[in-house]
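Raw contents of final.pdb, PDB, C-alpha atoms:
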ATOM      1  CA  MET A   1     -19.464  38.367  48.496
ATOM      2  CA  ALA A   2     -21.416  36.337  45.988
ATOM      3  CA  ALA A   3     -20.597  36.829  42.343
ATOM      4  CA  SER A   4     -23.226  37.195  39.662
ATOM      5  CA  PHE A   5     -22.927  35.499  36.291
ATOM      6  CA  ALA A   6     -24.805  35.946  33.050
ATOM      7  CA  ALA A   7     -24.251  34.934  29.445
ATOM      8  CA  ARG A   8     -25.562  37.842  27.404
ATOM      9  CA  GLY A   9     -26.288  38.388  23.755
ATOM     10  CA  LEU A  10     -25.802  34.772  22.752
ATOM     11  CA  PHE A  11     -26.399  34.086  19.090
ATOM     12  CA  ALA A  12     -26.928  37.736  18.086
ATOM     13  CA  GLY A  13     -23.990  37.528  15.699
ATOM     14  CA  ALA A  14     -23.682  35.791  12.351
ATOM     15  CA  ILE A  15     -22.586  32.190  11.980
ATOM     16  CA  LEU A  16     -19.353  32.406  10.042
ATOM     17  CA  LEU A  17     -19.627  29.725   7.374
ATOM     18  CA  SER A  18     -18.403  30.384   3.855
ATOM     19  CA  SER A  19     -17.967  28.315   0.740
ATOM     20  CA  CYS A  20     -15.712  25.271   0.782
ATOM     21  CA  PRO A  21     -15.524  23.680  -2.677
ATOM     22  CA  ARG A  22     -14.815  20.164  -1.476
ATOM     23  CA  LEU A  23     -17.607  20.149   1.085
ATOM     24  CA  GLU A  24     -20.189  22.398  -0.534
ATOM     25  CA  SER A  25     -22.697  19.537  -0.752
ATOM     26  CA  GLU A  26     -22.033  18.674   2.902
ATOM     27  CA  ARG A  27     -22.214  22.205   4.211
ATOM     28  CA  PRO A  28     -23.678  21.966   7.738
ATOM     29  CA  ARG A  29     -27.137  23.237   8.426
ATOM     30  CA  VAL A  30     -27.217  25.922  11.106
ATOM     31  CA  GLU A  31     -30.325  26.104  13.223
ATOM     32  CA  ALA A  32     -31.482  29.333  14.843
ATOM     33  CA  LEU A  33     -32.913  29.544  18.330
ATOM     34  CA  ASP A  34     -36.464  30.925  18.095
ATOM     35  CA  PRO A  35     -36.758  34.006  20.355
ATOM     36  CA  VAL A  36     -40.600  33.653  20.367
ATOM     37  CA  ALA A  37     -41.322  36.960  22.144
ATOM     38  CA  VAL A  38     -39.587  39.476  24.384
ATOM     39  CA  GLY A  39     -39.779  38.125  27.922
ATOM     40  CA  HIS A  40     -40.212  34.517  26.790
ATOM     41  CA  VAL A  41     -38.532  32.036  29.136
ATOM     42  CA  ARG A  42     -37.629  28.426  28.407
ATOM     43  CA  THR A  43     -35.655  25.883  30.410
ATOM     44  CA  LEU A  44     -33.186  23.299  29.123
ATOM     45  CA  GLU A  45     -32.817  20.214  31.290
ATOM     46  CA  GLY A  46     -29.952  17.763  31.615
ATOM     47  CA  LEU A  47     -27.045  20.193  31.199
ATOM     48  CA  GLY A  48     -24.470  18.979  33.703
ATOM     49  CA  GLY A  49     -27.164  17.929  36.098
ATOM     50  CA  ARG A  50     -28.802  21.343  36.371
ATOM     51  CA  PRO A  51     -31.443  23.193  34.351
ATOM     52  CA  LEU A  52     -30.517  26.279  32.328
ATOM     53  CA  GLU A  53     -32.946  29.144  31.859
ATOM     54  CA  ILE A  54     -33.017  31.142  28.583
ATOM     55  CA  ARG A  55     -34.754  34.526  28.570
ATOM     56  CA  THR A  56     -35.483  36.482  25.396
ATOM     57  CA  LEU A  57     -34.395  40.127  25.639
ATOM     58  CA  ALA A  58     -34.948  41.190  22.003
ATOM     59  CA  LEU A  59     -36.221  39.831  18.693
ATOM     60  CA  ASP A  60     -34.282  41.841  16.088
ATOM     61  CA  PRO A  61     -31.565  40.780  16.443
ATOM     62  CA  PRO A  62     -32.351  37.864  18.764
ATOM     63  CA  VAL A  63     -30.705  38.475  22.146
ATOM     64  CA  PHE A  64     -30.909  36.089  25.069
ATOM     65  CA  LEU A  65     -29.978  36.182  28.756
ATOM     66  CA  LEU A  66     -28.822  32.963  30.456
ATOM     67  CA  PRO A  67     -28.566  33.496  34.217
ATOM     68  CA  GLY A  68     -26.171  31.064  35.837
ATOM     69  CA  PHE A  69     -24.551  29.934  32.590
ATOM     70  CA  LEU A  70     -21.429  29.482  34.731
ATOM     71  CA  ASN A  71     -21.595  28.757  38.435
ATOM     72  CA  ASP A  72     -19.219  30.344  40.955
ATOM     73  CA  ALA A  73     -16.733  27.470  40.919
ATOM     74  CA  GLU A  74     -16.575  27.415  37.112
ATOM     75  CA  ALA A  75     -16.046  31.165  36.939
ATOM     76  CA  ASP A  76     -13.248  30.952  39.499
ATOM     77  CA  GLU A  77     -11.600  28.194  37.446
ATOM     78  CA  VAL A  78     -11.773  30.336  34.301
ATOM     79  CA  ARG A  79     -10.099  33.147  36.208
ATOM     80  CA  SER A  80      -7.374  30.782  37.410
ATOM     81  CA  LEU A  81      -6.676  29.782  33.799
ATOM     82  CA  ALA A  82      -6.384  33.432  32.747
ATOM     83  CA  GLN A  83      -2.735  34.077  33.609
ATOM     84  CA  VAL A  84      -0.974  36.155  30.929
ATOM     85  CA  TRP A  85      -2.931  39.364  30.331
ATOM     86  CA  GLU A  86      -2.229  41.493  27.286
ATOM     87  CA  SER A  87      -3.636  44.773  26.059
ATOM     88  CA  SER A  88      -6.823  44.305  24.069
ATOM     89  CA  GLN A  89      -5.712  46.992  21.635
ATOM     90  CA  ALA A  90      -5.519  45.279  18.263
ATOM     91  CA  GLY A  91      -3.624  46.422  15.214
ATOM     92  CA  ASP A  92      -5.670  48.175  12.558
ATOM     93  CA  GLY A  93      -4.190  48.236   9.083
ATOM     94  CA  ASP A  94      -6.211  51.241   7.916
ATOM     95  CA  LYS A  95      -5.245  53.360  10.924
ATOM     96  CA  GLU A  96      -1.578  52.432  10.634
ATOM     97  CA  ARG A  97      -1.590  53.114   6.893
ATOM     98  CA  ASN A  98      -3.215  56.533   7.326
ATOM     99  CA  GLN A  99      -0.726  57.495  10.020
ATOM    100  CA  LEU A 100       2.177  56.576   7.740
ATOM    101  CA  MET A 101       0.646  58.688   4.964
ATOM    102  CA  LEU A 102       0.344  61.634   7.348
ATOM    103  CA  GLN A 103       3.981  61.286   8.355
ATOM    104  CA  SER A 104       5.088  61.125   4.724
ATOM    105  CA  GLY A 105       3.723  64.633   4.156
ATOM    106  CA  GLY A 106       2.807  66.172   0.808
ATOM    107  CA  LYS A 107      -0.086  64.927  -1.316
ATOM    108  CA  GLN A 108      -0.406  61.630   0.551
ATOM    109  CA  ALA A 109      -0.916  63.405   3.857
ATOM    110  CA  LEU A 110      -3.388  65.880   2.386
ATOM    111  CA  LYS A 111      -5.330  62.992   0.845
ATOM    112  CA  VAL A 112      -5.979  61.620   4.337
ATOM    113  CA  LEU A 113      -7.161  64.983   5.655
ATOM    114  CA  ARG A 114      -9.356  65.737   2.641
ATOM    115  CA  HIS A 115     -11.316  62.584   3.303
ATOM    116  CA  PHE A 116     -12.627  64.291   6.456
ATOM    117  CA  ASP A 117     -13.075  67.750   4.903
ATOM    118  CA  LYS A 118     -16.707  67.128   4.014
ATOM    119  CA  ASN A 119     -17.498  70.667   2.778
ATOM    120  CA  ARG A 120     -14.245  70.879   0.781
ATOM    121  CA  ASP A 121     -13.218  74.235   2.259
ATOM    122  CA  GLN A 122      -9.612  73.133   3.021
ATOM    123  CA  HIS A 123     -10.349  73.343   6.763
ATOM    124  CA  LEU A 124     -11.429  70.824   9.380
ATOM    125  CA  THR A 125     -14.214  71.970  11.667
ATOM    126  CA  ARG A 126     -14.409  70.635  15.208
ATOM    127  CA  ARG A 127     -16.799  67.869  14.126
ATOM    128  CA  GLU A 128     -14.684  66.961  11.103
ATOM    129  CA  PHE A 129     -11.567  66.910  13.259
ATOM    130  CA  GLN A 130     -13.238  64.665  15.834
ATOM    131  CA  MET A 131     -14.003  62.124  13.097
ATOM    132  CA  PHE A 132     -10.397  62.403  11.876
ATOM    133  CA  VAL A 133      -9.022  61.649  15.356
ATOM    134  CA  LYS A 134     -11.483  58.796  15.879
ATOM    135  CA  ASP A 135     -10.904  57.060  12.541
ATOM    136  CA  VAL A 136      -7.147  57.609  12.167
ATOM    137  CA  PHE A 137      -6.002  57.304  15.799
ATOM    138  CA  GLY A 138      -8.813  55.289  17.383
ATOM    139  CA  LEU A 139      -9.583  58.030  19.917
ATOM    140  CA  PRO A 140     -13.358  58.626  19.971
ATOM    141  CA  ASN A 141     -13.220  60.306  23.394
ATOM    142  CA  PHE A 142     -12.115  63.642  21.987
ATOM    143  CA  ASN A 143     -14.114  66.674  23.147
ATOM    144  CA  GLY A 144     -14.313  70.389  22.469
ATOM    145  CA  ASP A 145     -11.571  71.266  24.937
ATOM    146  CA  ASP A 146      -9.241  68.791  23.248
ATOM    147  CA  PHE A 147      -9.965  70.366  19.880
ATOM    148  CA  ALA A 148      -9.335  73.842  21.290
ATOM    149  CA  SER A 149      -5.934  72.733  22.614
ATOM    150  CA  PHE A 150      -4.852  71.306  19.261
ATOM    151  CA  ALA A 151      -6.302  74.306  17.410
ATOM    152  CA  ALA A 152      -4.226  76.647  19.569
ATOM    153  CA  LEU A 153      -1.127  74.623  18.705
ATOM    154  CA  ALA A 154      -1.916  74.460  14.987
ATOM    155  CA  ASN A 155      -3.313  77.937  14.384
ATOM    156  CA  GLY A 156      -1.191  79.954  16.793
ATOM    157  CA  ALA A 157      -2.126  83.462  17.845
ATOM    158  CA  VAL A 158      -2.955  86.150  15.304
ATOM    159  CA  ALA A 159      -2.021  89.817  15.590
ATOM    160  CA  ASP A 160      -4.682  90.621  18.183
ATOM    161  CA  GLY A 161      -3.702  87.610  20.317
ATOM    162  CA  SER A 162      -6.822  85.630  19.537
ATOM    163  CA  VAL A 163      -6.836  82.035  18.270
ATOM    164  CA  ASN A 164      -9.185  80.518  15.721
ATOM    165  CA  ARG A 165     -10.822  77.671  17.656
ATOM    166  CA  ASP A 166     -13.591  76.913  15.147
ATOM    167  CA  SER A 167     -11.592  75.209  12.405
ATOM    168  CA  ILE A 168      -8.053  74.345  11.342
ATOM    169  CA  GLU A 169      -6.603  74.710   7.854
ATOM    170  CA  LEU A 170      -5.418  71.381   6.440
ATOM    171  CA  GLU A 171      -1.851  72.594   5.971
ATOM    172  CA  ARG A 172      -1.746  73.784   9.585
ATOM    173  CA  VAL A 173      -2.942  70.378  10.800
ATOM    174  CA  LEU A 174       0.072  68.807   9.103
ATOM    175  CA  LYS A 175       2.514  71.414  10.411
ATOM    176  CA  ALA A 176       1.340  70.638  13.969
ATOM    177  CA  ASP A 177       2.556  67.036  13.451
ATOM    178  CA  PRO A 178      -0.612  65.206  14.559
ATOM    179  CA  VAL A 179       0.790  61.651  14.584
ATOM    180  CA  PRO A 180       3.182  61.947  17.567
ATOM    181  CA  TYR A 181       0.710  64.327  19.254
ATOM    182  CA  PHE A 182      -2.128  61.818  19.319
ATOM    183  CA  GLN A 183       0.066  58.779  19.849
ATOM    184  CA  GLU A 184       1.419  60.429  22.994
ATOM    185  CA  LEU A 185      -2.113  61.361  24.077
ATOM    186  CA  GLY A 186      -3.206  57.725  23.755
ATOM    187  CA  GLN A 187      -0.183  56.487  25.707
ATOM    188  CA  LYS A 188      -0.773  58.952  28.552
ATOM    189  CA  GLU A 189      -4.546  58.441  28.658
ATOM    190  CA  PRO A 190      -5.329  54.961  27.241
ATOM    191  CA  HIS A 191      -8.964  55.176  28.348
ATOM    192  CA  ARG A 192      -9.505  57.510  25.400
ATOM    193  CA  TYR A 193      -9.048  54.644  22.952
ATOM    194  CA  GLU A 194     -12.005  52.782  21.468
ATOM    195  CA  ARG A 195     -11.037  49.854  23.641
ATOM    196  CA  PHE A 196      -9.321  49.951  27.018
ATOM    197  CA  SER A 197      -9.030  46.479  28.513
ATOM    198  CA  GLU A 198      -6.818  43.429  28.889
ATOM    199  CA  THR A 199      -7.388  40.038  27.280
ATOM    200  CA  VAL A 200      -6.470  36.392  27.714
ATOM    201  CA  TRP A 201      -7.306  33.662  25.174
ATOM    202  CA  ILE A 202      -7.949  30.222  26.686
ATOM    203  CA  GLU A 203      -7.768  27.152  24.458
ATOM    204  CA  HIS A 204     -10.444  24.466  24.747
ATOM    205  CA  ASN A 205      -8.086  21.880  26.172
ATOM    206  CA  THR A 206      -9.405  21.361  29.702
ATOM    207  CA  PRO A 207     -12.549  19.580  30.952
ATOM    208  CA  LEU A 208     -14.110  22.918  31.922
ATOM    209  CA  MET A 209     -13.543  24.432  28.493
ATOM    210  CA  TRP A 210     -15.107  21.429  26.783
ATOM    211  CA  ASN A 211     -18.047  21.601  29.189
ATOM    212  CA  ILE A 212     -18.583  25.233  28.208
ATOM    213  CA  LEU A 213     -18.490  24.301  24.517
ATOM    214  CA  ASN A 214     -20.879  21.394  25.004
ATOM    215  CA  ARG A 215     -23.242  23.536  27.054
ATOM    216  CA  THR A 216     -23.290  26.229  24.387
ATOM    217  CA  ALA A 217     -23.766  23.612  21.657
ATOM    218  CA  ALA A 218     -26.790  22.250  23.511
ATOM    219  CA  VAL A 219     -28.305  25.725  23.683
ATOM    220  CA  THR A 220     -27.555  26.731  20.079
ATOM    221  CA  GLY A 221     -27.896  23.438  18.254
ATOM    222  CA  LEU A 222     -24.740  24.243  16.267
ATOM    223  CA  PRO A 223     -23.124  21.282  14.456
ATOM    224  CA  ASP A 224     -19.839  19.682  15.542
ATOM    225  CA  VAL A 225     -17.905  21.211  12.614
ATOM    226  CA  VAL A 226     -18.580  24.663  14.051
ATOM    227  CA  ILE A 227     -18.157  23.765  17.709
ATOM    228  CA  LYS A 228     -14.814  21.992  17.403
ATOM    229  CA  ASN A 229     -13.238  24.715  15.218
ATOM    230  CA  THR A 230     -14.299  27.735  17.216
ATOM    231  CA  GLU A 231     -11.734  30.270  18.404
ATOM    232  CA  PRO A 232     -10.426  30.103  22.012
ATOM    233  CA  LEU A 233     -12.444  31.517  24.880
ATOM    234  CA  GLN A 234     -11.744  35.229  25.271
ATOM    235  CA  VAL A 235     -11.550  36.502  28.839
ATOM    236  CA  VAL A 236     -11.496  40.290  29.203
ATOM    237  CA  ARG A 237     -10.559  42.381  32.231
ATOM    238  CA  TYR A 238     -11.570  46.054  32.411
ATOM    239  CA  PRO A 239      -9.514  48.378  34.660
ATOM    240  CA  PRO A 240     -10.926  51.644  36.066
ATOM    241  CA  LEU A 241     -12.274  53.668  33.102
ATOM    242  CA  GLY A 242     -12.082  50.485  31.026
ATOM    243  CA  HIS A 243     -14.556  50.127  28.171
ATOM    244  CA  TYR A 244     -15.147  48.967  24.627
ATOM    245  CA  ALA A 245     -16.906  51.492  22.391
ATOM    246  CA  CYS A 246     -19.795  50.499  20.142
ATOM    247  CA  HIS A 247     -18.402  48.221  17.433
ATOM    248  CA  HIS A 248     -18.964  45.352  15.013
ATOM    249  CA  ASP A 249     -16.839  42.252  15.530
ATOM    250  CA  ILE A 250     -17.535  40.843  12.083
ATOM    251  CA  THR A 251     -19.198  42.464   9.085
ATOM    252  CA  PRO A 252     -20.914  40.749   6.149
ATOM    253  CA  ASP A 253     -18.109  42.090   3.933
ATOM    254  CA  SER A 254     -15.580  40.060   5.932
ATOM    255  CA  ILE A 255     -17.523  36.891   5.301
ATOM    256  CA  ASP A 256     -18.223  37.568   1.608
ATOM    257  CA  SER A 257     -14.558  38.355   0.955
ATOM    258  CA  GLY A 258     -13.571  34.878   2.094
ATOM    259  CA  GLU A 259     -11.672  36.098   5.152
ATOM    260  CA  PHE A 260     -13.550  33.523   7.185
ATOM    261  CA  ARG A 261     -13.463  30.044   5.668
ATOM    262  CA  PHE A 262     -13.154  26.650   7.236
ATOM    263  CA  CYS A 263     -13.779  23.084   6.166
ATOM    264  CA  ASP A 264     -13.937  19.813   7.985
ATOM    265  CA  ALA A 265     -11.284  18.377   5.681
ATOM    266  CA  GLY A 266      -8.342  19.219   7.890
ATOM    267  CA  ASP A 267      -6.404  21.756   5.839
ATOM    268  CA  VAL A 268      -8.569  24.780   4.996
ATOM    269  CA  PHE A 269      -8.635  27.096   7.993
ATOM    270  CA  GLU A 270      -8.017  30.755   7.104
ATOM    271  CA  ARG A 271      -9.348  31.890  10.460
ATOM    272  CA  ARG A 272     -11.025  30.060  13.296
ATOM    273  CA  PRO A 273     -14.667  31.109  13.428
ATOM    274  CA  ARG A 274     -16.276  33.228  16.099
ATOM    275  CA  TRP A 275     -19.670  31.625  16.083
ATOM    276  CA  ARG A 276     -21.207  33.479  18.956
ATOM    277  CA  ARG A 277     -21.377  36.930  20.393
ATOM    278  CA  ASP A 278     -21.686  36.299  24.070
ATOM    279  CA  GLY A 279     -20.460  37.752  27.300
ATOM    280  CA  VAL A 280     -19.982  36.032  30.619
ATOM    281  CA  SER A 281     -19.837  38.661  33.305
ATOM    282  CA  ARG A 282     -18.353  38.113  36.722
ATOM    283  CA  ARG A 283     -18.673  41.027  39.078
ATOM    284  CA  ARG A 284     -19.679  41.848  42.604
ATOM    285  CA  ARG A 285     -23.303  42.766  42.883
ATOM    286  CA  GLY A 286     -23.937  46.484  42.686
ATOM    287  CA  ARG A 287     -20.430  47.355  41.459
ATOM    288  CA  GLY A 288     -21.354  48.538  37.967
ATOM    289  CA  GLY A 289     -20.451  47.244  34.526
ATOM    290  CA  GLN A 290     -22.810  46.793  31.611
ATOM    291  CA  VAL A 291     -23.235  45.569  28.061
ATOM    292  CA  GLY A 292     -24.987  48.036  25.744
ATOM    293  CA  LEU A 293     -26.754  46.566  22.729
ATOM    294  CA  GLY A 294     -27.872  49.382  20.374
ATOM    295  CA  LYS A 295     -31.107  49.382  18.381
ATOM    296  CA  LEU A 296     -33.000  46.285  19.443
ATOM    297  CA  GLY A 297     -36.454  45.218  18.295
TER     298      GLY A 297
END

For this file, write the structure as structure tokens.
Amino acid sequence: MAASFAARGLFAGAILLSSCPRLESERPRVEALDPVAVGHVRTLEGLGGRPLEIRTLALDPPVFLLPGFLNDAEADEVRSLAQVWESSQAGDGDKERNQLMLQSGGKQALKVLRHFDKNRDQHLTRREFQMFVKDVFGLPNFNGDDFASFAALANGAVADGSVNRDSIELERVLKADPVPYFQELGQKEPHRYERFSETVWIEHNTPLMWNILNRTAAVTGLPDVVIKNTEPLQVVRYPPLGHYACHHDITPDSIDSGEFRFCDAGDVFERRPRWRRDGVSRRRRGRGGQVGLGKLG
């Protein structure tokens, strides 16, 4: 069956260029592709002997659709290069730090819980507890039944046999030992995590990879200093129930803090830049799969 291909959301993200003292005066100029209007279509000629169509999907932020960005043979070659798949779950320092504080007990553990106790009543309501589980354990898919199960464990039965399922006292949350509880839940049901997928990173060291870079450079107008220092191509595979929850790859704070800096002088590369937010989808027609882009103008 024929495969369908689309490059989606190109150029909606920020260009990650920060200050480089030695090259400040030579800092490259980054052009932006004019979206013109929603529904606008333009065609680029001379890209590998075939035209490339660019459709505007949104203006704020600019989002574009490029049907046929990869042809079938190119997509199959990318798949052949993607050999060693690893879990897309990435380490998160804040989550790991909060879990260690919870396990340490005492004031440190209570400090974590109090951050989510918005009304300062020394209890976590169902909504407060959902935010706690999402932010500390990366499990946003946590519903009312899940809360009721943990509440029954934490609160126990009172004299009349009933269980408080509306809120949980902070001390009782700690006594129920939430860290192993939710770590085990994530291991048994990984689709509950913010991201459930597998990833391969492919370096730009084959003719196809360089063709993809050159094709994207022609569309974006990005300078060579950005193109040649970009991170490897990320190929993602989603199993049944696979997903990636709404997220930001890079925030302005990350750029301002200097986390992302690179120069064309050969020795200042703190992190290779991700200069595009794109997706190349390969799926059988009619078999589902989607990219959701929140508030678009």

- Atom pair atom CA of Trp85 of chain A / atom CA of Ala245 of chain A: separation (Å): 20.1 Å

- Message: Please determine, counting all atoms listed in the file, which residue among A:Gln108, A:Asn229, A:Thr199, A:Asn141 has the shortest atom-to-atom distance to Leu213 of chain A.
- Response: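 When distances to Leu213 of chain A are compared using all atoms listed in the file, the smallest one comes from A:Asn229.
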
Taking the file as shown, what set of residues would the PyMOL selection byres ((chain A and resi 82-84) around 10) give back, as a short mmCIF file (atom, residue, chain, number, x, y, z; two decimals) with C-alpha atoms, in the coordinates of the input?
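File written: expr-v5.cif
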data_model
loop_
_atom_site.label_atom_id
_atom_site.label_comp_id
_atom_site.auth_asym_id
_atom_site.auth_seq_id
_atom_site.Cartn_x
_atom_site.Cartn_y
_atom_site.Cartn_z
CA ASP A 76 -13.25 30.95 39.50
CA GLU A 77 -11.60 28.19 37.45
CA VAL A 78 -11.77 30.34 34.30
CA ARG A 79 -10.10 33.15 36.21
CA SER A 80 -7.37 30.78 37.41
CA LEU A 81 -6.68 29.78 33.80
CA TRP A 85 -2.93 39.36 30.33
CA GLU A 86 -2.23 41.49 27.29
CA GLU A 198 -6.82 43.43 28.89
CA THR A 199 -7.39 40.04 27.28
CA VAL A 200 -6.47 36.39 27.71
CA TRP A 201 -7.31 33.66 25.17
CA ILE A 202 -7.95 30.22 26.69
CA GLN A 234 -11.74 35.23 25.27
CA VAL A 235 -11.55 36.50 28.84
CA VAL A 236 -11.50 40.29 29.20
CA ARG A 237 -10.56 42.38 32.23
#

Mind checking which residues fall within 9 Å of Leu52 of chain A, counting only C-alpha atoms, ignoring those fewer than 6 positions away in the same chain, and posting them as a short mmCIF file (atom, residue, chain, number, x, y, z; two decimals) with C-alpha atoms, keeping the file's coordinate frame?
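Once written, selection_26.cif looks like this:
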data_model
loop_
_atom_site.label_atom_id
_atom_site.label_comp_id
_atom_site.auth_asym_id
_atom_site.auth_seq_id
_atom_site.Cartn_x
_atom_site.Cartn_y
_atom_site.Cartn_z
CA ARG A 42 -37.63 28.43 28.41
CA THR A 43 -35.66 25.88 30.41
CA LEU A 44 -33.19 23.30 29.12
CA GLU A 45 -32.82 20.21 31.29
CA GLY A 46 -29.95 17.76 31.62
CA LEU A 66 -28.82 32.96 30.46
CA PRO A 67 -28.57 33.50 34.22
CA GLY A 68 -26.17 31.06 35.84
CA PHE A 69 -24.55 29.93 32.59
CA VAL A 219 -28.30 25.72 23.68
#

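Computed from the coordinates, the atom CA of Leu57 of chain A to atom CA of Asp72 of chain A distance equals 23.7 Å.
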
- Task: Determine, counting only C-alpha atoms, every residue of protein, DNA or RNA that lies within 9 Å of (-9.0, 75.0, 15.8) in the file coordinates, then give the result as a ChimeraX atom specification.
- Result: /A:124-126,129,147-155,163-169

Output of the above residues as a compact mmCIF listing (two decimals), keeping the file's coordinate frame, restricted to C-alpha atoms:
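Output file selection31.txt follows:
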# COMPACT_ATOMS: atom_id res chain seq x y z
CA LEU A 124 -11.43 70.82 9.38
CA THR A 125 -14.21 71.97 11.67
CA ARG A 126 -14.41 70.64 15.21
CA PHE A 129 -11.57 66.91 13.26
CA PHE A 147 -9.96 70.37 19.88
CA ALA A 148 -9.34 73.84 21.29
CA SER A 149 -5.93 72.73 22.61
CA PHE A 150 -4.85 71.31 19.26
CA ALA A 151 -6.30 74.31 17.41
CA ALA A 152 -4.23 76.65 19.57
CA LEU A 153 -1.13 74.62 18.70
CA ALA A 154 -1.92 74.46 14.99
CA ASN A 155 -3.31 77.94 14.38
CA VAL A 163 -6.84 82.04 18.27
CA ASN A 164 -9.18 80.52 15.72
CA ARG A 165 -10.82 77.67 17.66
CA ASP A 166 -13.59 76.91 15.15
CA SER A 167 -11.59 75.21 12.40
CA ILE A 168 -8.05 74.34 11.34
CA GLU A 169 -6.60 74.71 7.85

- Kindly resolve the PyMOL selection byres ((chain A and resi 238) around 10) on the present coordinates and return the residues as a list of chain:residue names.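 With the shown file as input, the PyMOL selection byres ((chain A and resi 238) around 10) matches A:Ser88, A:Arg195, A:Phe196, A:Ser197, A:Glu198, A:Thr199, A:Val236, A:Arg237, A:Pro239, A:Pro240, A:Leu241, A:Gly242, A:His243, A:Tyr244, A:Gly289.
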
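Shell of Ile212 of chain A at 9 Å, with only C-alpha atoms counted and residues fewer than 5 places along the chain excluded, is Phe69, Leu70, His204, Pro207 and Ala217 of chain A.
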
- Provide the atom CA of Asn205 of chain A to atom CA of Leu33 of chain A distance in Å, to one decimal place.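 Atom CA of Leu33 of chain A lies at a distance of 27.1 Å from atom CA of Asn205 of chain A.
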
- Message: Going by the chain IDs and residue numbers used in this file, which residues fall under the PyMOL selection byres ((chain A and resi 95) around 10)? Write them as a ChimeraX atom specification.
- Response: /A:91-94,96-101,134-138

Export of the given selection (C-alpha atoms) as a compact mmCIF listing (two decimals), in the frame of the given file:
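File written: again.txt
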# COMPACT_ATOMS: atom_id res chain seq x y z
CA GLY A 91 -3.62 46.42 15.21
CA ASP A 92 -5.67 48.18 12.56
CA GLY A 93 -4.19 48.24 9.08
CA ASP A 94 -6.21 51.24 7.92
CA GLU A 96 -1.58 52.43 10.63
CA ARG A 97 -1.59 53.11 6.89
CA ASN A 98 -3.22 56.53 7.33
CA GLN A 99 -0.73 57.50 10.02
CA LEU A 100 2.18 56.58 7.74
CA MET A 101 0.65 58.69 4.96
CA LYS A 134 -11.48 58.80 15.88
CA ASP A 135 -10.90 57.06 12.54
CA VAL A 136 -7.15 57.61 12.17
CA PHE A 137 -6.00 57.30 15.80
CA GLY A 138 -8.81 55.29 17.38

- Which residue, A:Asp121, A:Val133, A:Ile227, A:Glu171, has the smallest gap to Gly186 of chain A when you use only C-alpha atoms? A:Val133

Could you produce a table of the residues of segment 133-231 of chain A lying within 9 Å of segment 102-105 of chain A, with the nearest pair of atoms per residue and their separation in Å rounded to one decimal, using all atoms listed in the file, ordered by chain and increasing residue number, as JSON lines?
{"residue": "A:Leu174", "atom": "CA", "partner": "A:Leu102", "partner_atom": "CA", "distance": 7.4}
{"residue": "A:Asp177", "atom": "CA", "partner": "A:Gln103", "partner_atom": "CA", "distance": 7.8}
{"residue": "A:Pro178", "atom": "CA", "partner": "A:Leu102", "partner_atom": "CA", "distance": 8.1}
{"residue": "A:Val179", "atom": "CA", "partner": "A:Gln103", "partner_atom": "CA", "distance": 7.0}
